[in-house]
Structures are given as structure tokens and as C-alpha cells.
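K.L.:
One file is attached below, protein_36.pdb, containing PDB, C-alpha atoms.
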```pdb
ATOM      1  CA  MET L   1       1.833   2.421  -8.866
ATOM      2  CA  PRO L   2       3.562   3.921  -5.905
ATOM      3  CA  THR L   3       6.131   1.827  -4.110
ATOM      4  CA  THR L   4       8.475   2.331  -1.212
ATOM      5  CA  ASP L   5      11.747   2.562  -3.064
ATOM      6  CA  HIS L   6      12.092   6.065  -1.615
ATOM      7  CA  THR L   7      14.167   7.240   1.299
ATOM      8  CA  PRO L   8      11.698   8.881   3.670
ATOM      9  CA  SER L   9      12.803  12.138   5.182
ATOM     10  CA  GLY L  10       9.643  13.863   6.387
ATOM     11  CA  SER L  11       5.882  13.976   6.234
ATOM     12  CA  SER L  12       3.887  16.399   4.117
ATOM     13  CA  GLY L  13       1.489  19.135   5.008
ATOM     14  CA  PRO L  14      -1.478  20.455   3.016
ATOM     15  CA  ASP L  15       0.768  22.612   0.877
ATOM     16  CA  GLY L  16       2.593  19.540  -0.458
ATOM     17  CA  ASN L  17       5.906  20.354   1.220
ATOM     18  CA  LEU L  18       7.696  18.205   3.767
ATOM     19  CA  THR L  19       6.863  19.913   7.048
ATOM     20  CA  GLY L  20       7.118  17.247   9.733
ATOM     21  CA  ASP L  21       9.224  14.284  10.645
ATOM     22  CA  LEU L  22       8.117  10.762   9.862
ATOM     23  CA  PRO L  23       7.901   8.297  12.756
ATOM     24  CA  GLU L  24      11.358   7.253  13.902
ATOM     25  CA  MET L  25      11.545   3.577  14.791
ATOM     26  CA  PRO L  26      14.407   2.126  16.873
ATOM     27  CA  ALA L  27      17.362   0.614  15.052
ATOM     28  CA  PRO L  28      17.045  -3.176  14.611
ATOM     29  CA  ARG L  29      18.940  -5.255  17.132
ATOM     30  CA  VAL L  30      19.166  -8.249  14.796
ATOM     31  CA  THR L  31      19.062  -8.642  11.025
ATOM     32  CA  GLU L  32      18.601 -11.674   8.857
ATOM     33  CA  PHE L  33      21.472 -13.891   7.702
ATOM     34  CA  ALA L  34      21.585 -17.370   6.214
ATOM     35  CA  ALA L  35      21.518 -20.297   8.626
ATOM     36  CA  HIS L  36      24.008 -23.148   8.248
ATOM     37  CA  SER L  37      22.164 -26.104   6.740
ATOM     38  CA  ILE L  38      22.864 -29.083   4.499
ATOM     39  CA  ALA L  39      20.853 -30.948   1.899
ATOM     40  CA  GLY L  40      18.157 -32.957   3.620
ATOM     41  CA  GLY L  41      18.416 -35.944   1.286
ATOM     42  CA  LEU L  42      21.844 -36.954   2.591
ATOM     43  CA  ALA L  43      20.752 -36.464   6.219
ATOM     44  CA  LEU L  44      17.626 -38.555   5.628
ATOM     45  CA  LEU L  45      19.680 -41.351   4.068
ATOM     46  CA  LEU L  46      22.148 -41.377   6.975
ATOM     47  CA  GLY L  47      19.298 -41.400   9.478
ATOM     48  CA  LEU L  48      17.627 -44.359   7.802
ATOM     49  CA  LEU L  49      20.948 -46.220   7.686
ATOM     50  CA  GLY L  50      21.379 -45.509  11.403
ATOM     51  CA  ILE L  51      17.940 -46.987  12.155
ATOM     52  CA  VAL L  52      18.700 -50.084  10.078
ATOM     53  CA  ALA L  53      22.079 -50.493  11.791
ATOM     54  CA  ALA L  54      20.445 -50.114  15.205
ATOM     55  CA  ALA L  55      17.892 -52.797  14.360
ATOM     56  CA  GLY L  56      20.710 -55.076  13.177
ATOM     57  CA  LEU L  57      22.702 -54.576  16.381
ATOM     58  CA  ILE L  58      19.641 -55.347  18.518
ATOM     59  CA  ALA L  59      18.931 -58.487  16.477
ATOM     60  CA  VAL L  60      22.557 -59.689  16.699
ATOM     61  CA  GLY L  61      22.659 -58.946  20.420
ATOM     62  CA  ALA L  62      19.470 -60.867  21.052
ATOM     63  CA  SER L  63      20.974 -63.970  19.403
ATOM     64  CA  ALA L  64      24.387 -63.662  21.070
ATOM     65  CA  ALA L  65      25.298 -66.422  23.554
ATOM     66  CA  ALA L  66      27.435 -64.366  25.945
ATOM     67  CA  MET L  67      25.360 -62.290  28.321
ATOM     68  CA  GLY L  68      27.810 -59.378  28.410
ATOM     69  CA  LEU L  69      28.017 -59.175  24.597
ATOM     70  CA  LYS L  70      24.247 -59.466  24.339
ATOM     71  CA  ILE L  71      23.648 -56.525  26.696
ATOM     72  CA  ALA L  72      26.330 -54.401  25.048
ATOM     73  CA  LEU L  73      24.949 -54.911  21.525
ATOM     74  CA  ILE L  74      21.362 -54.285  22.578
ATOM     75  CA  VAL L  75      22.274 -51.110  24.491
ATOM     76  CA  LEU L  76      24.403 -49.897  21.559
ATOM     77  CA  GLY L  77      21.534 -50.599  19.153
ATOM     78  CA  ILE L  78      19.038 -48.680  21.322
ATOM     79  CA  VAL L  79      21.416 -45.702  21.645
ATOM     80  CA  LEU L  80      22.048 -45.699  17.873
ATOM     81  CA  PHE L  81      18.297 -45.863  17.198
ATOM     82  CA  PHE L  82      17.473 -42.837  19.363
ATOM     83  CA  ALA L  83      20.491 -40.963  17.976
ATOM     84  CA  ALA L  84      19.231 -41.560  14.423
ATOM     85  CA  ILE L  85      15.718 -40.420  15.380
ATOM     86  CA  LEU L  86      17.133 -37.302  17.051
ATOM     87  CA  ALA L  87      19.278 -36.518  14.024
ATOM     88  CA  MET L  88      16.308 -36.930  11.660
ATOM     89  CA  SER L  89      14.297 -34.427  13.722
ATOM     90  CA  GLY L  90      16.580 -31.769  12.251
ATOM     91  CA  LEU L  91      14.966 -32.254   8.809
ATOM     92  CA  ASN L  92      12.792 -29.405   7.530
ATOM     93  CA  MET L  93      10.479 -29.162   4.546
ATOM     94  CA  VAL L  94      10.768 -25.615   3.177
ATOM     95  CA  ALA L  95       8.222 -24.678   0.517
ATOM     96  CA  PRO L  96       8.705 -21.833  -2.003
ATOM     97  CA  GLY L  97       7.626 -18.551  -0.441
ATOM     98  CA  GLU L  98       8.456 -19.745   3.071
ATOM     99  CA  ALA L  99      11.396 -19.392   5.455
ATOM    100  CA  ARG L 100      12.504 -20.983   8.709
ATOM    101  CA  VAL L 101      13.909 -18.801  11.500
ATOM    102  CA  VAL L 102      16.417 -20.939  13.427
ATOM    103  CA  GLN L 103      17.080 -20.445  17.161
ATOM    104  CA  LEU L 104      19.432 -22.354  19.447
ATOM    105  CA  PHE L 105      18.658 -21.948  23.146
ATOM    106  CA  GLY L 106      17.000 -18.588  22.448
ATOM    107  CA  ARG L 107      19.778 -17.251  20.238
ATOM    108  CA  TYR L 108      19.133 -16.417  16.584
ATOM    109  CA  ARG L 109      21.194 -18.721  14.369
ATOM    110  CA  GLY L 110      20.013 -17.641  10.917
ATOM    111  CA  THR L 111      17.204 -18.152   8.427
ATOM    112  CA  ILE L 112      16.662 -20.977   5.936
ATOM    113  CA  ARG L 113      15.258 -19.657   2.651
ATOM    114  CA  THR L 114      16.387 -22.480   0.317
ATOM    115  CA  ASP L 115      13.306 -24.493  -0.578
ATOM    116  CA  GLY L 116      13.258 -28.264  -0.422
ATOM    117  CA  LEU L 117      14.399 -30.695   2.282
ATOM    118  CA  ARG L 118      17.068 -29.138   4.528
ATOM    119  CA  TRP L 119      18.805 -30.309   7.704
ATOM    120  CA  VAL L 120      19.952 -28.205  10.628
ATOM    121  CA  ASN L 121      21.044 -28.849  14.186
ATOM    122  CA  PRO L 122      18.187 -30.914  15.708
ATOM    123  CA  LEU L 123      18.519 -29.057  19.028
ATOM    124  CA  THR L 124      17.373 -25.822  17.390
ATOM    125  CA  SER L 125      13.814 -24.542  17.092
ATOM    126  CA  ARG L 126      12.550 -23.530  13.659
ATOM    127  CA  ASN L 127       9.717 -20.990  13.247
ATOM    128  CA  LYS L 128       7.947 -20.867   9.885
ATOM    129  CA  ILE L 129       7.336 -17.455   8.333
ATOM    130  CA  SER L 130       5.628 -16.830   5.007
ATOM    131  CA  THR L 131       7.514 -14.536   2.636
ATOM    132  CA  ARG L 132       4.714 -14.467   0.073
ATOM    133  CA  VAL L 133       3.026 -11.252  -1.056
ATOM    134  CA  ARG L 134       0.075 -10.327   1.161
ATOM    135  CA  ASN L 135      -2.839  -7.895   1.020
ATOM    136  CA  HIS L 136      -4.171  -5.856   3.907
ATOM    137  CA  GLU L 137      -7.309  -3.775   3.455
ATOM    138  CA  THR L 138      -8.324  -1.390   6.187
ATOM    139  CA  ALA L 139     -11.880  -0.949   7.320
ATOM    140  CA  VAL L 140     -13.696   2.210   6.256
ATOM    141  CA  LEU L 141     -12.300   4.865   8.612
ATOM    142  CA  LYS L 142     -14.163   8.035   9.550
ATOM    143  CA  VAL L 143     -11.842  10.989  10.144
ATOM    144  CA  ASN L 144     -11.781  14.779   9.730
ATOM    145  CA  ASP L 145      -9.796  16.198   6.836
ATOM    146  CA  ALA L 146      -7.558  19.277   7.005
ATOM    147  CA  TYR L 147     -10.638  21.577   6.825
ATOM    148  CA  GLY L 148     -12.416  19.685   9.603
ATOM    149  CA  ASN L 149     -14.931  18.002   7.293
ATOM    150  CA  PRO L 150     -15.820  14.421   8.261
ATOM    151  CA  ILE L 151     -14.820  11.992   5.522
ATOM    152  CA  GLU L 152     -14.702   8.246   5.047
ATOM    153  CA  LEU L 153     -11.734   6.455   3.516
ATOM    154  CA  ALA L 154     -10.147   3.030   3.258
ATOM    155  CA  ALA L 155      -6.901   1.757   1.762
ATOM    156  CA  VAL L 156      -5.332  -1.484   0.594
ATOM    157  CA  VAL L 157      -1.657  -2.282   1.165
ATOM    158  CA  VAL L 158       0.350  -4.937  -0.662
ATOM    159  CA  TRP L 159       3.337  -6.102   1.384
ATOM    160  CA  ARG L 160       5.621  -8.982   2.234
ATOM    161  CA  VAL L 161       8.211  -9.903   4.849
ATOM    162  CA  GLU L 162      11.664  -8.819   3.707
ATOM    163  CA  ASP L 163      13.708  -9.519   6.863
ATOM    164  CA  THR L 164      12.470 -12.563   8.793
ATOM    165  CA  ALA L 165      14.686 -11.880  11.805
ATOM    166  CA  GLN L 166      13.230  -8.408  12.329
ATOM    167  CA  ALA L 167       9.695  -9.726  11.800
ATOM    168  CA  CYS L 168      10.246 -12.311  14.563
ATOM    169  CA  PHE L 169      12.284 -10.407  17.118
ATOM    170  CA  GLU L 170      11.727  -6.663  16.622
ATOM    171  CA  VAL L 171       7.929  -6.647  17.058
ATOM    172  CA  ASP L 172       5.572  -8.747  19.124
ATOM    173  CA  ASN L 173       3.281  -9.714  16.213
ATOM    174  CA  PHE L 174       4.221  -8.414  12.792
ATOM    175  CA  LEU L 175       0.736  -9.062  11.335
ATOM    176  CA  GLU L 176      -0.954  -6.896  13.952
ATOM    177  CA  PHE L 177       1.880  -4.366  13.695
ATOM    178  CA  VAL L 178       1.335  -3.896   9.945
ATOM    179  CA  SER L 179      -2.427  -3.625  10.431
ATOM    180  CA  THR L 180      -2.152  -1.006  13.181
ATOM    181  CA  GLN L 181       0.512   1.074  11.447
ATOM    182  CA  THR L 182      -1.423   1.034   8.172
ATOM    183  CA  GLU L 183      -4.494   2.449   9.886
ATOM    184  CA  ALA L 184      -2.365   5.066  11.657
ATOM    185  CA  ALA L 185      -0.743   6.157   8.375
ATOM    186  CA  VAL L 186      -4.098   6.413   6.580
ATOM    187  CA  ARG L 187      -5.535   8.532   9.401
ATOM    188  CA  HIS L 188      -2.471  10.786   9.448
ATOM    189  CA  ILE L 189      -2.588  11.372   5.697
ATOM    190  CA  ALA L 190      -6.336  12.110   5.888
ATOM    191  CA  ILE L 191      -5.989  14.839   8.524
ATOM    192  CA  GLU L 192      -3.047  16.457   6.698
ATOM    193  CA  TYR L 193      -4.947  17.128   3.443
ATOM    194  CA  PRO L 194      -8.427  18.387   2.547
ATOM    195  CA  TYR L 195     -10.904  16.298   0.586
ATOM    196  CA  ASP L 196     -11.203  19.132  -1.956
ATOM    197  CA  SER L 197      -8.706  21.981  -1.940
ATOM    198  CA  HIS L 198     -10.007  25.575  -2.129
ATOM    199  CA  ASP L 199      -6.548  26.575  -3.289
ATOM    200  CA  GLU L 200      -5.759  25.471  -6.838
ATOM    201  CA  GLU L 201      -2.080  25.011  -5.949
ATOM    202  CA  GLY L 202      -2.754  22.912  -2.840
ATOM    203  CA  LEU L 203      -2.982  19.132  -2.776
ATOM    204  CA  SER L 204      -6.275  17.393  -2.046
ATOM    205  CA  LEU L 205      -7.261  13.797  -1.425
ATOM    206  CA  ARG L 206      -9.660  13.701  -4.369
ATOM    207  CA  GLY L 207      -7.813  15.840  -6.866
ATOM    208  CA  ASN L 208      -4.242  14.577  -6.346
ATOM    209  CA  ALA L 209      -4.684  10.832  -5.853
ATOM    210  CA  ASP L 210      -1.285   9.860  -7.271
ATOM    211  CA  GLU L 211       0.678  12.311  -5.112
ATOM    212  CA  ILE L 212      -1.255  11.407  -1.975
ATOM    213  CA  THR L 213      -0.844   7.647  -2.451
ATOM    214  CA  GLU L 214       2.886   8.149  -3.001
ATOM    215  CA  LYS L 215       3.125  10.043   0.284
ATOM    216  CA  LEU L 216       1.095   7.285   1.947
ATOM    217  CA  ALA L 217       3.590   4.704   0.673
ATOM    218  CA  ILE L 218       6.521   6.733   2.027
ATOM    219  CA  GLU L 219       4.936   7.041   5.464
ATOM    220  CA  LEU L 220       3.998   3.346   5.542
ATOM    221  CA  HIS L 221       7.563   2.401   4.669
ATOM    222  CA  ALA L 222       8.876   4.455   7.580
ATOM    223  CA  ARG L 223       6.364   2.930   9.991
ATOM    224  CA  VAL L 224       6.788  -0.786   9.154
ATOM    225  CA  GLU L 225      10.470  -0.879   8.221
ATOM    226  CA  ALA L 226      11.349  -1.834  11.809
ATOM    227  CA  ALA L 227       9.359  -5.067  11.387
ATOM    228  CA  GLY L 228      11.336  -6.117   8.312
ATOM    229  CA  VAL L 229       8.304  -5.510   6.070
ATOM    230  CA  HIS L 230       8.499  -4.174   2.518
ATOM    231  CA  ILE L 231       5.539  -2.191   1.149
ATOM    232  CA  ILE L 232       5.003  -3.056  -2.520
ATOM    233  CA  GLU L 233       1.987  -0.829  -3.175
ATOM    234  CA  SER L 234      -0.570   1.200  -1.275
ATOM    235  CA  ARG L 235      -3.713   2.801  -2.641
ATOM    236  CA  PHE L 236      -6.993   4.288  -1.418
ATOM    237  CA  THR L 237      -9.992   2.086  -2.180
ATOM    238  CA  HIS L 238     -12.725   4.274  -0.695
ATOM    239  CA  LEU L 239     -12.922   8.045  -0.395
ATOM    240  CA  ALA L 240     -16.122   9.989   0.263
ATOM    241  CA  TYR L 241     -17.673  12.616   2.470
ATOM    242  CA  ALA L 242     -19.406  11.318   5.577
ATOM    243  CA  PRO L 243     -23.184  10.828   5.083
ATOM    244  CA  GLU L 244     -24.129  13.758   7.353
ATOM    245  CA  ILE L 245     -22.481  16.327   5.036
ATOM    246  CA  ALA L 246     -22.518  14.447   1.728
ATOM    247  CA  SER L 247     -25.649  16.208   0.387
ATOM    248  CA  ALA L 248     -24.366  19.671   1.324
ATOM    249  CA  MET L 249     -20.988  19.016  -0.274
ATOM    250  CA  LEU L 250     -22.703  17.648  -3.385
ATOM    251  CA  GLN L 251     -24.627  20.908  -3.735
ATOM    252  CA  ARG L 252     -21.372  22.823  -3.347
ATOM    253  CA  GLN L 253     -19.711  20.741  -6.063
ATOM    254  CA  GLN L 254     -22.699  21.193  -8.347
ATOM    255  CA  ALA L 255     -22.643  24.945  -7.779
ATOM    256  CA  GLY L 256     -18.937  25.026  -8.592
ATOM    257  CA  ALA L 257     -19.548  23.054 -11.771
ATOM    258  CA  VAL L 258     -22.344  25.442 -12.828
ATOM    259  CA  VAL L 259     -20.141  28.486 -12.216
ATOM    260  CA  ALA L 260     -17.279  26.950 -14.185
ATOM    261  CA  ALA L 261     -19.613  26.095 -17.075
ATOM    262  CA  ARG L 262     -21.083  29.592 -17.126
ATOM    263  CA  LYS L 263     -17.620  31.097 -17.111
ATOM    264  CA  LEU L 264     -16.662  28.993 -20.117
ATOM    265  CA  ILE L 265     -19.865  29.958 -21.937
ATOM    266  CA  VAL L 266     -19.329  33.664 -21.274
ATOM    267  CA  ASP L 267     -15.709  33.514 -22.451
ATOM    268  CA  GLY L 268     -16.795  31.830 -25.670
ATOM    269  CA  ALA L 269     -19.689  34.242 -26.218
ATOM    270  CA  VAL L 270     -17.462  37.286 -25.780
ATOM    271  CA  GLY L 271     -15.030  35.888 -28.308
ATOM    272  CA  MET L 272     -17.829  35.233 -30.823
ATOM    273  CA  VAL L 273     -19.243  38.748 -30.374
ATOM    274  CA  GLU L 274     -15.785  40.232 -30.857
ATOM    275  CA  GLN L 275     -15.302  38.260 -34.079
ATOM    276  CA  ALA L 276     -18.740  39.317 -35.332
ATOM    277  CA  LEU L 277     -18.032  43.015 -34.777
ATOM    278  CA  VAL L 278     -14.616  42.744 -36.445
ATOM    279  CA  ARG L 279     -16.043  41.020 -39.534
ATOM    280  CA  ILE L 280     -18.915  43.522 -39.818
ATOM    281  CA  THR L 281     -16.437  46.387 -39.647
ATOM    282  CA  GLU L 282     -13.914  44.837 -42.061
ATOM    283  CA  GLN L 283     -16.504  43.884 -44.677
ATOM    284  CA  ASP L 284     -18.408  47.165 -44.224
ATOM    285  CA  ILE L 285     -21.719  45.330 -44.008
ATOM    286  CA  VAL L 286     -23.441  48.079 -42.029
ATOM    287  CA  ALA L 287     -22.289  51.196 -40.208
ATOM    288  CA  LEU L 288     -23.063  51.033 -36.505
ATOM    289  CA  ASP L 289     -22.607  53.787 -34.001
ATOM    290  CA  GLU L 290     -21.590  53.094 -30.407
ATOM    291  CA  GLU L 291     -25.194  52.900 -29.210
ATOM    292  CA  ARG L 292     -26.179  50.281 -31.804
ATOM    293  CA  LYS L 293     -22.974  48.345 -31.179
ATOM    294  CA  ALA L 294     -23.847  48.186 -27.484
ATOM    295  CA  ALA L 295     -27.371  46.985 -28.332
ATOM    296  CA  MET L 296     -26.004  44.387 -30.725
ATOM    297  CA  VAL L 297     -23.488  43.132 -28.146
ATOM    298  CA  SER L 298     -26.237  42.899 -25.528
ATOM    299  CA  ASN L 299     -28.523  40.951 -27.861
ATOM    300  CA  LEU L 300     -25.787  38.556 -28.966
ATOM    301  CA  LEU L 301     -24.712  37.868 -25.373
ATOM    302  CA  VAL L 302     -28.307  37.167 -24.368
ATOM    303  CA  VAL L 303     -28.686  34.726 -27.252
ATOM    304  CA  LEU L 304     -25.335  32.989 -26.714
ATOM    305  CA  CYS L 305     -25.385  32.843 -22.911
ATOM    306  CA  GLY L 306     -29.058  32.077 -22.348
ATOM    307  CA  ASP L 307     -30.035  28.592 -21.294
ATOM    308  CA  ARG L 308     -33.376  28.755 -23.115
ATOM    309  CA  ALA L 309     -34.306  28.997 -26.787
ATOM    310  CA  THR L 310     -34.599  32.594 -28.069
ATOM    311  CA  GLN L 311     -37.680  34.025 -29.762
ATOM    312  CA  PRO L 312     -36.863  36.442 -32.592
ATOM    313  CA  VAL L 313     -38.610  39.826 -32.822
ATOM    314  CA  ILE L 314     -39.005  41.395 -36.304
ATOM    315  CA  ASN L 315     -38.472  45.142 -36.439
ATOM    316  CA  THR L 316     -40.694  46.683 -39.156
ATOM    317  CA  GLY L 317     -39.604  50.205 -38.498
ATOM    318  CA  SER L 318     -36.310  51.943 -39.092
ATOM    319  CA  LEU L 319     -33.036  50.958 -37.494
ATOM    320  CA  TYR L 320     -33.594  53.385 -34.619
ATOM    321  CA  GLN L 321     -37.237  52.533 -33.920
TER
END
```
Translate this file's structure into C-alpha cells.

P.N.:
Amino acid sequence: MPTTDHTPSGSSGPDGNLTGDLPEMPAPRVTEFAAHSIAGGLALLLGLLGIVAAAGLIAVGASAAAMGLKIALIVLGIVLFFAAILAMSGLNMVAPGEARVVQLFGRYRGTIRTDGLRWVNPLTSRNKISTRVRNHETAVLKVNDAYGNPIELAAVVVWRVEDTAQACFEVDNFLEFVSTQTEAAVRHIAIEYPYDSHDEEGLSLRGNADEITEKLAIELHARVEAAGVHIIESRFTHLAYAPEIASAMLQRQQAGAVVAARKLIVDGAVGMVEQALVRITEQDIVALDEERKAAMVSNLLVVLCGDRATQPVINTGSLYQ
């Protein structure tokens, strides 16, 4: 299965060589790094203790006799309560296959990838991004191949987010970005190669599926790398001539198959006739002049190459009558 562990350097033309440049995306302005976080269990315990202490201070203040002490304890308890609630708002539940992109006043402060309960600065915002493997299947696209023939094709791409910072900040919507760039890559590959190549050395969409899908993976990697996306696999799921020319192209393929079959039959028949003449000569079964050899070759070729059953004719005269 083709993957994107390649270093793209150019796109390919119908001859299979790298003839054009792949899309050049701008260099990323920010890349992912680990955010500073602590185990959430300890933060949760401290927050709960703060709430209990705040409730105790309020209760003690309410029962205090001195008015000044009463107000001070109650105010301190209320402040401690809201401080504990604020601190506990920094807790995050991170599931496997997920990440949290942390921002503080609009500035990127790192990514949390450690699963479980984690605590970060409660003043930060945390955006959840899935890092699980995803599938994207394009709709059936109708394009013209390298020979101008209308064809239909569709592809499926397996991908996942590799750099959460680039996925968040380098593109507006990385899901739509992957979808659009996948369709663009499929269309570009389709117009660069013919459905069926008239040249035996040239690549074609139908005859060189592995090579074409590998080139599709390379181009996809170049297109979506800016969004921090890693292409795991890409493959065509639908490939056919458009309905308006499908019947004509089917006749052409059938004619090609008939010609190839006839060529194989003729090659085999000639070899059998040659062996027959050699054995007749070596074993001295009968002496044949050039005219009778030509007649024998003609008869054998008719019998071996004909597509109908032969009907023998018995000669009751001499060899030359």
C-alpha cells in the first residue's frame, strides 16, 4: 500500500518522469510542542480541599461573635471558594486518540497529548482535536484524461492529524482543506495520464494502478503537509470511462483483445507447421517439392487458425490431382 514516507520533488507526466513541480505550500509559522501540565488527580484533590476549607471558614465566620472577625472569615471563605472553582476549571479529560491545543490570550502554549486527567493554567483555552485515523472518500469525479477522453474516478484517503498546531493555526478548517486538496490531487493525476496507454512503455490509470496510486500519495502529501496532516494510504476506488463513450471504448478493447488472440494463434500455428515440416523431412516420410510444401503449409494454417471446425476432403487421385 502506498504511503507518504517519500520526499516529494515533482509531479509526473504521462511518460512516468517527474516533469513539473508539486504545489509549494508556505512554511509553517508554528509547530507543535508539549504544553506544561500536571497530573489532574492532585489538582482535583487540592481543589476539593479548597472548597471544604472555604465552607469551614464561612461556617466559623457565621458563628463568630465579633463583627469584624465574622466579616473577614466569610469574605476569606468566599474568595477561597471561587479560587478553588477557578483552579478546578483547569482540569481536562483527555481520551486516547485526542489532543488539547492550549492557548493563553491568543498565544499558542503547547499541546496536551497525555491521556487521562490533566491540569493546565485555568486562564487558557483548550481546543479538542482528534488524532485518530480518518477516512475521506471523494465523490465520483468526471474529468478528461491525458488523451481527452471523459472518465469517471473516485479515491479514498486514509489520514490523521500529525501536528495539531499546524492543523489549528495554518489552515482555516483542516477537514475542508483535506477534502478540497484530495479532490484537486485526484483531478490532477487524472489529467496527467491516459485511461489506457497506446504506448506500451507509458503509464496508464488502468494498467499501472500501483505506480499511479504511489504518485497520488506523493502529491497528496505535498498538498496537505502544511495542515499538519499525514497521509497513511490513498487508493482509487472507482475508475471507468464516462457513459457517453463507454460502449465505443468497450468495442475498442474487444477489438484489441481479438487481435492479440489472433496474433497468439498465428504464432503458435506457424511454430507447429515448422515442426511438422522438420519432422517429415528428418524421418523421410514423404518427399515434397516446394509447391506441395506451400500447399501443405496453407492447409495446416487454415486448419490451425480457423475459428470453425474443418471438413476433410479425401483425394482419390494421385498426389498432384

K.L.:
Please write as a VMD selection string the full residue list that the PyMOL selection byres ((chain L and resi 232) around 12) yields on this file.

P.N.:
chain L and resid 1 to 6 132 to 136 156 to 162 214 216 to 218 220 to 221 229 to 231 233 to 235

K.L.:
Just say which residues the PyMOL selection byres ((chain L and resi 177) around 12) picks in this file, as a list in words.

P.N.:
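For this structure, the PyMOL selection byres ((chain L and resi 177) around 12) resolves to His136, Ala167, Cys168, Glu170, Val171, Asp172, Asn173, Phe174, Leu175, Glu176, Val178, Ser179, Thr180, Gln181, Thr182, Glu183, Ala184, Leu220, Arg223, Val224, Glu225, Ala226, Ala227, Gly228 and Val229 of chain L.
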
K.L.:
Could you list, as a VMD selection string, every residue matched by the PyMOL selection byres ((chain L and resi 91) around 12) in this structure?

P.N.:
chain L and resid 37 to 47 84 to 90 92 to 94 100 112 116 to 126

K.L.:
Please indicate the distance in Å from atom CA of L:Gly271 to atom CA of L:Ala294, rounded to one decimal place.

P.N.:
15.2 Å

K.L.:
Considering only C-alpha atoms, return as a list in words whatever protein or nucleic-acid residues lie within 12 Å of L:Val273, sequence-local ones (same chain, fewer than 6 positions apart) excluded.

P.N.:
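Selected residues are Val266, Asp267, Arg279, Ile280, Lys293, Ala294, Ala295, Met296, Val297, Ser298, Asn299, Leu300, Leu301, Val302, Val303, Leu304 and Cys305 of chain L.
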
K.L.:
List the spatial neighbours of L:Gly148 as a ChimeraX atom specification - criterion: any atom at most 12 Å away, all atoms listed in the file, same-chain residues fewer than 3 positions off excluded.

P.N.:
/L:142-145,151,190-196,241-242,245

K.L.:
Residues within 12 Å of L:Val75, please, as a ChimeraX atom specification. Count only C-alpha atoms; anything in the same chain fewer than 5 positions from it doesn't count.

P.N.:
/L:54-55,57-62,68-70,80-82

K.L.:
By how many Å are atom CA of L:Arg187 and atom CA of L:Thr164 apart?

P.N.:
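Between atom CA of L:Arg187 and atom CA of L:Thr164 the gap works out to 27.7 Å.
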
K.L.:
Enter the distance from atom CA of L:Leu203 to atom CA of L:Leu22, in Å, rounded to one decimal.

P.N.:
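Computing it gives 18.8 Å between the two atoms.
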
K.L.:
Would you please work out which residue, of L:Arg292, L:Arg113, L:Arg107, L:Arg206, is nearest to L:Thr237 when using all atoms listed in the file?

P.N.:
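That would be L:Arg206, the residue with the smallest distance to L:Thr237.
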
K.L.:
Which is closer to L:Pro96 than all the others in L:Phe236, L:Ala64, L:Lys128, L:Leu141, using all atoms listed in the file?

P.N.:
L:Lys128

K.L.:
Skipping near chain neighbours, those fewer than 4 positions away, what residues fall within 9 Å of L:Tyr108 using all atoms listed in the file, listed as JSON, numbers by chain?

P.N.:
{"L": [30, 101, 102, 103, 104, 165]}
